[in-house]
>>> print(open('work17.pdb').read())   # PDB, C-alpha atoms
ATOM      1  CA  SER A   1     197.871 142.563 -56.129
ATOM      2  CA  PRO A   2     195.134 145.163 -55.587
ATOM      3  CA  GLU A   3     195.410 146.161 -59.261
ATOM      4  CA  GLN A   4     194.727 142.590 -60.406
ATOM      5  CA  ILE A   5     191.747 142.282 -58.058
ATOM      6  CA  GLN A   6     190.373 145.559 -59.431
ATOM      7  CA  GLU A   7     190.885 144.298 -63.006
ATOM      8  CA  VAL A   8     189.092 141.040 -62.217
ATOM      9  CA  GLN A   9     186.170 142.767 -60.534
ATOM     10  CA  SER A  10     185.763 145.503 -63.123
ATOM     11  CA  LYS A  11     186.015 143.304 -66.220
ATOM     12  CA  SER A  12     183.846 140.471 -64.962
ATOM     13  CA  ARG A  13     180.631 142.486 -64.501
ATOM     14  CA  PRO A  14     178.355 143.131 -67.467
ATOM     15  CA  GLY A  15     177.120 146.711 -67.509
ATOM     16  CA  ASP A  16     180.128 148.323 -65.812
ATOM     17  CA  ALA A  17     181.590 151.496 -67.258
ATOM     18  CA  MET A  18     184.357 149.436 -68.850
ATOM     19  CA  GLY A  19     181.792 146.978 -70.223
ATOM     20  CA  PHE A  20     182.093 143.241 -70.537
ATOM     21  CA  VAL A  21     184.220 142.038 -73.390
ATOM     22  CA  PRO A  22     184.885 138.290 -73.525
ATOM     23  CA  GLY A  23     188.600 137.600 -73.583
ATOM     24  CA  SER A  24     189.465 141.047 -72.220
ATOM     25  CA  VAL A  25     190.994 139.607 -69.068
ATOM     26  CA  SER A  26     194.487 138.133 -69.098
ATOM     27  CA  LYS A  27     194.864 134.385 -68.544
ATOM     28  CA  GLU A  28     196.423 134.939 -65.122
ATOM     29  CA  THR A  29     193.660 137.330 -64.084
ATOM     30  CA  ALA A  30     190.938 135.009 -65.385
ATOM     31  CA  GLU A  31     192.405 132.226 -63.249
ATOM     32  CA  MET A  32     192.277 134.542 -60.239
ATOM     33  CA  ARG A  33     188.624 135.429 -60.875
ATOM     34  CA  ALA A  34     187.466 132.031 -59.627
ATOM     35  CA  ASP A  35     189.595 132.332 -56.495
ATOM     36  CA  LEU A  36     189.168 135.859 -55.133
ATOM     37  CA  GLY A  37     188.552 134.671 -51.607
ATOM     38  CA  LYS A  38     187.199 137.330 -49.245
ATOM     39  CA  GLN A  39     187.497 140.046 -51.915
ATOM     40  CA  ALA A  40     184.660 138.393 -53.884
ATOM     41  CA  ASN A  41     181.243 139.989 -53.717
ATOM     42  CA  PHE A  42     178.068 138.126 -54.655
ATOM     43  CA  TRP A  43     178.263 139.060 -58.354
ATOM     44  CA  ASP A  44     181.892 137.917 -58.599
ATOM     45  CA  MET A  45     180.805 134.537 -57.256
ATOM     46  CA  GLN A  46     178.152 134.227 -59.986
ATOM     47  CA  VAL A  47     180.145 135.049 -63.135
ATOM     48  CA  PHE A  48     180.419 132.256 -65.700
ATOM     49  CA  ASP A  49     183.858 131.118 -64.562
ATOM     50  CA  GLY A  50     183.396 132.151 -60.927
ATOM     51  CA  PRO A  51     183.482 129.773 -57.985
ATOM     52  CA  GLY A  52     179.716 129.541 -57.443
ATOM     53  CA  PRO A  53     178.335 128.027 -60.651
ATOM     54  CA  GLU A  54     181.082 125.496 -61.235
ATOM     55  CA  THR A  55     181.212 124.339 -57.633
ATOM     56  CA  ILE A  56     177.457 123.923 -57.254
ATOM     57  CA  ASN A  57     176.872 122.363 -60.675
ATOM     58  CA  SER A  58     179.784 119.965 -60.313
ATOM     59  CA  ARG A  59     178.702 118.822 -56.860
ATOM     60  CA  ALA A  60     175.116 118.407 -58.045
ATOM     61  CA  SER A  61     176.320 116.357 -61.015
ATOM     62  CA  MET A  62     178.608 114.211 -58.867
ATOM     63  CA  LEU A  63     175.530 113.359 -56.812
ATOM     64  CA  ALA A  64     173.046 113.114 -59.707
ATOM     65  CA  VAL A  65     174.968 110.735 -61.987
ATOM     66  CA  PRO A  66     175.430 107.793 -59.596
ATOM     67  CA  LEU A  67     172.075 108.376 -57.883
ATOM     68  CA  GLY A  68     170.295 108.705 -61.233
ATOM     69  CA  LEU A  69     171.885 105.520 -62.570
ATOM     70  CA  TRP A  70     171.030 103.636 -59.377
ATOM     71  CA  LEU A  71     167.402 104.788 -59.556
ATOM     72  CA  GLU A  72     167.271 103.889 -63.250
ATOM     73  CA  ALA A  73     168.478 100.395 -62.368
ATOM     74  CA  THR A  74     166.004  99.944 -59.513
ATOM     75  CA  THR A  75     162.911 101.723 -60.891
ATOM     76  CA  GLY A  76     163.435 101.787 -64.664
ATOM     77  CA  GLN A  77     162.680 105.525 -64.709
ATOM     78  CA  GLY A  78     164.861 107.939 -66.637
ATOM     79  CA  LEU A  79     166.229 111.180 -65.191
ATOM     80  CA  LEU A  80     163.347 113.298 -66.456
ATOM     81  CA  GLU A  81     160.754 110.933 -64.971
ATOM     82  CA  GLN A  82     162.618 110.909 -61.668
ATOM     83  CA  VAL A  83     162.611 114.711 -61.506
ATOM     84  CA  LYS A  84     158.953 114.868 -62.559
ATOM     85  CA  ASP A  85     157.970 112.392 -59.818
ATOM     86  CA  HIS A  86     160.046 114.040 -57.055
ATOM     87  CA  PRO A  87     160.460 117.774 -57.865
ATOM     88  CA  ILE A  88     160.526 118.954 -54.246
ATOM     89  CA  THR A  89     163.248 116.470 -53.304
ATOM     90  CA  VAL A  90     165.387 117.499 -56.298
ATOM     91  CA  PHE A  91     164.909 121.189 -55.494
ATOM     92  CA  ALA A  92     165.705 120.664 -51.797
ATOM     93  CA  VAL A  93     168.917 118.783 -52.607
ATOM     94  CA  PHE A  94     169.985 121.555 -54.997
ATOM     95  CA  VAL A  95     169.288 124.240 -52.356
ATOM     96  CA  ILE A  96     171.223 122.314 -49.698
ATOM     97  CA  LEU A  97     174.171 121.817 -52.074
ATOM     98  CA  GLY A  98     174.052 125.499 -52.996
ATOM     99  CA  LEU A  99     174.102 126.670 -49.397
ATOM    100  CA  ALA A 100     176.809 124.182 -48.462
ATOM    101  CA  SER A 101     178.907 125.422 -51.395
ATOM    102  CA  TYR A 102     178.402 129.153 -50.783
ATOM    103  CA  VAL A 103     179.291 129.116 -47.099
ATOM    104  CA  PRO A 104     183.004 128.370 -47.665
ATOM    105  CA  ILE A 105     183.145 130.841 -50.578
ATOM    106  CA  VAL A 106     181.629 133.631 -48.469
ATOM    107  CA  ARG A 107     184.027 132.798 -45.635
ATOM    108  CA  GLY A 108     186.937 133.337 -48.027
ATOM    109  CA  TYR A 109     188.009 129.833 -48.952
ATOM    110  CA  THR A 110     189.111 129.365 -52.525
ATOM    111  CA  ARG A 111     189.484 126.312 -54.709
ATOM    112  CA  LYS A 112     193.242 126.613 -54.313
ATOM    113  CA  GLU A 113     193.302 126.443 -50.542
ATOM    114  CA  PRO A 114     195.721 123.820 -49.301
ATOM    115  CA  PHE A 115     193.068 121.818 -47.473
ATOM    116  CA  ALA A 116     193.639 118.509 -49.202
ATOM    117  CA  ASN A 117     193.112 115.440 -47.098
ATOM    118  CA  HIS A 118     194.172 111.901 -47.757
ATOM    119  CA  ASN A 119     191.439 109.877 -46.060
ATOM    120  CA  PHE A 120     191.250 106.205 -46.973
ATOM    121  CA  GLY A 121     194.188 106.581 -49.353
ATOM    122  CA  PHE A 122     192.351 108.989 -51.673
ATOM    123  CA  ASN A 123     193.824 112.328 -52.663
ATOM    124  CA  TRP A 124     190.928 114.721 -51.990
ATOM    125  CA  THR A 125     192.041 118.105 -53.298
ATOM    126  CA  PRO A 126     190.149 121.091 -54.719
ATOM    127  CA  LYS A 127     191.724 120.402 -58.122
ATOM    128  CA  ALA A 128     190.551 116.774 -58.039
ATOM    129  CA  GLU A 129     187.059 117.922 -57.042
ATOM    130  CA  ASN A 130     186.982 120.370 -59.964
ATOM    131  CA  TRP A 131     187.994 117.718 -62.491
ATOM    132  CA  ASN A 132     185.685 115.051 -61.061
ATOM    133  CA  GLY A 133     182.855 117.578 -61.164
ATOM    134  CA  ARG A 134     183.588 118.542 -64.765
ATOM    135  CA  ILE A 135     183.563 114.894 -65.796
ATOM    136  CA  ALA A 136     180.318 114.338 -63.854
ATOM    137  CA  MET A 137     178.721 117.354 -65.597
ATOM    138  CA  MET A 138     179.629 115.842 -68.970
ATOM    139  CA  GLY A 139     178.225 112.480 -67.817
ATOM    140  CA  PHE A 140     174.991 114.088 -66.654
ATOM    141  CA  THR A 141     174.626 115.930 -69.961
ATOM    142  CA  GLY A 142     175.322 112.677 -71.799
ATOM    143  CA  MET A 143     172.630 110.908 -69.781
ATOM    144  CA  LEU A 144     170.104 113.630 -70.643
ATOM    145  CA  PHE A 145     170.998 113.545 -74.355
ATOM    146  CA  THR A 146     170.850 109.744 -74.420
ATOM    147  CA  GLU A 147     167.416 109.795 -72.822
ATOM    148  CA  TRP A 148     166.203 112.559 -75.132
ATOM    149  CA  ILE A 149     167.459 110.918 -78.337
ATOM    150  CA  SER A 150     166.541 107.315 -77.541
ATOM    151  CA  GLY A 151     163.322 107.858 -75.592
ATOM    152  CA  VAL A 152     164.397 105.358 -72.906
ATOM    153  CA  ASN A 153     166.635 105.646 -69.861
ATOM    154  CA  THR A 154     170.409 105.486 -70.192
ATOM    155  CA  LEU A 155     170.784 101.901 -69.019
ATOM    156  CA  GLN A 156     168.126 100.736 -71.472
ATOM    157  CA  ALA A 157     169.664 102.735 -74.323
ATOM    158  CA  TRP A 158     173.035 101.054 -73.779
ATOM    159  CA  GLY A 159     171.499  97.592 -73.494
ATOM    160  CA  LEU A 160     172.274  97.205 -69.798
ATOM    161  CA  GLN A 161     168.610  96.884 -68.795
ATOM    162  CA  SER A 162     165.713  95.250 -70.614
ATOM    163  CA  ILE A 163     163.057  97.519 -72.077
ATOM    164  CA  PRO A 164     159.577  96.608 -70.801
ATOM    165  CA  PHE A 165     156.786  96.764 -73.352
ATOM    166  CA  PRO A 166     153.607  96.735 -71.245
ATOM    167  CA  HIS A 167     151.436  97.774 -74.197
ATOM    168  CA  LEU A 168     152.186  94.590 -76.188
TER     169      LEU A 168
END
>>> encode(input="work17.pdb", output="structure tokens")
Amino acid sequence: SPEQIQEVQSKSRPGDAMGFVPGSVSKETAEMRADLGKQANFWDMQVFDGPGPETINSRASMLAVPLGLWLEATTGQGLLEQVKDHPITVFAVFVILGLASYVPIVRGYTRKEPFANHNFGFNWTPKAENWNGRIAMMGFTGMLFTEWISGVNTLQAWGLQSIPFPHL
């Protein structure tokens, strides 16, 4: 309803007259915030639980985890080394993913649109993409923490790749 859309828009912006108070939006309205469709302006797309951040970060993670593991296996470099060696490529991929994710949002598509397809026997739905992306974000964070704590790449930390010691 128009009242719910107004509630979502007014309570999701910090600095509005009503102010931003976490938890001040009902569960039903909070669920709507991520799926406003054409009523969403740019700020509504950027709120913490809006469609922009989760969609872009989940798609980036779904690409980064398998690609990062493959590059770790073939080069022995961890995620941080890979980014340090190829910053322009990483930035370009993130920009392309961002643009590709914002275009449908700006055109009014939501994560609840019934555009599921069943190619190759897989159930590709917006809900499945959300959950796969959330799992990939946790995996990516786990890879970063593993690398940070152990000082070696993820495959080496888990004993799946030998650790070279060139200085010995």
>>> atom_distance(input="work17.pdb", atom1="CA of Trp131 (chain A)", atom2="CA of Ser61 (chain A)")
11.8 Å
>>> resolve_selection(input="work17.pdb", expression="the PyMOL selection byres ((chain A and resi 82-93) around 12)", output="PyMOL selection string")
chain A and resi 56-57+59-61+63-64+67-72+74-81+94-100+144+153
>>> atom_distance(input="work17.pdb", atom1="CA of Met45 (chain A)", atom2="CA of Met137 (chain A)")
19.2 Å
>>> atom_distance(input="work17.pdb", atom1="CA of Thr125 (chain A)", atom2="CA of Glu54 (chain A)")
15.4 Å
>>> closest_residue(input="work17.pdb", among="A:Thr146, A:Ala73, A:Lys127, A:Phe140", to="Gln161 (chain A)", atoms="all atoms listed in the file")
A:Ala73
>>> closest_residue(input="work17.pdb", among="A:Gln46, A:Val65, A:Gly52, A:Pro104", to="Thr141 (chain A)", atoms="only C-alpha atoms")
A:Val65
>>> closest_residue(input="work17.pdb", among="A:Met143, A:Ala136, A:Val103, A:Met62", to="Leu155 (chain A)", atoms="all atoms listed in the file")
A:Met143
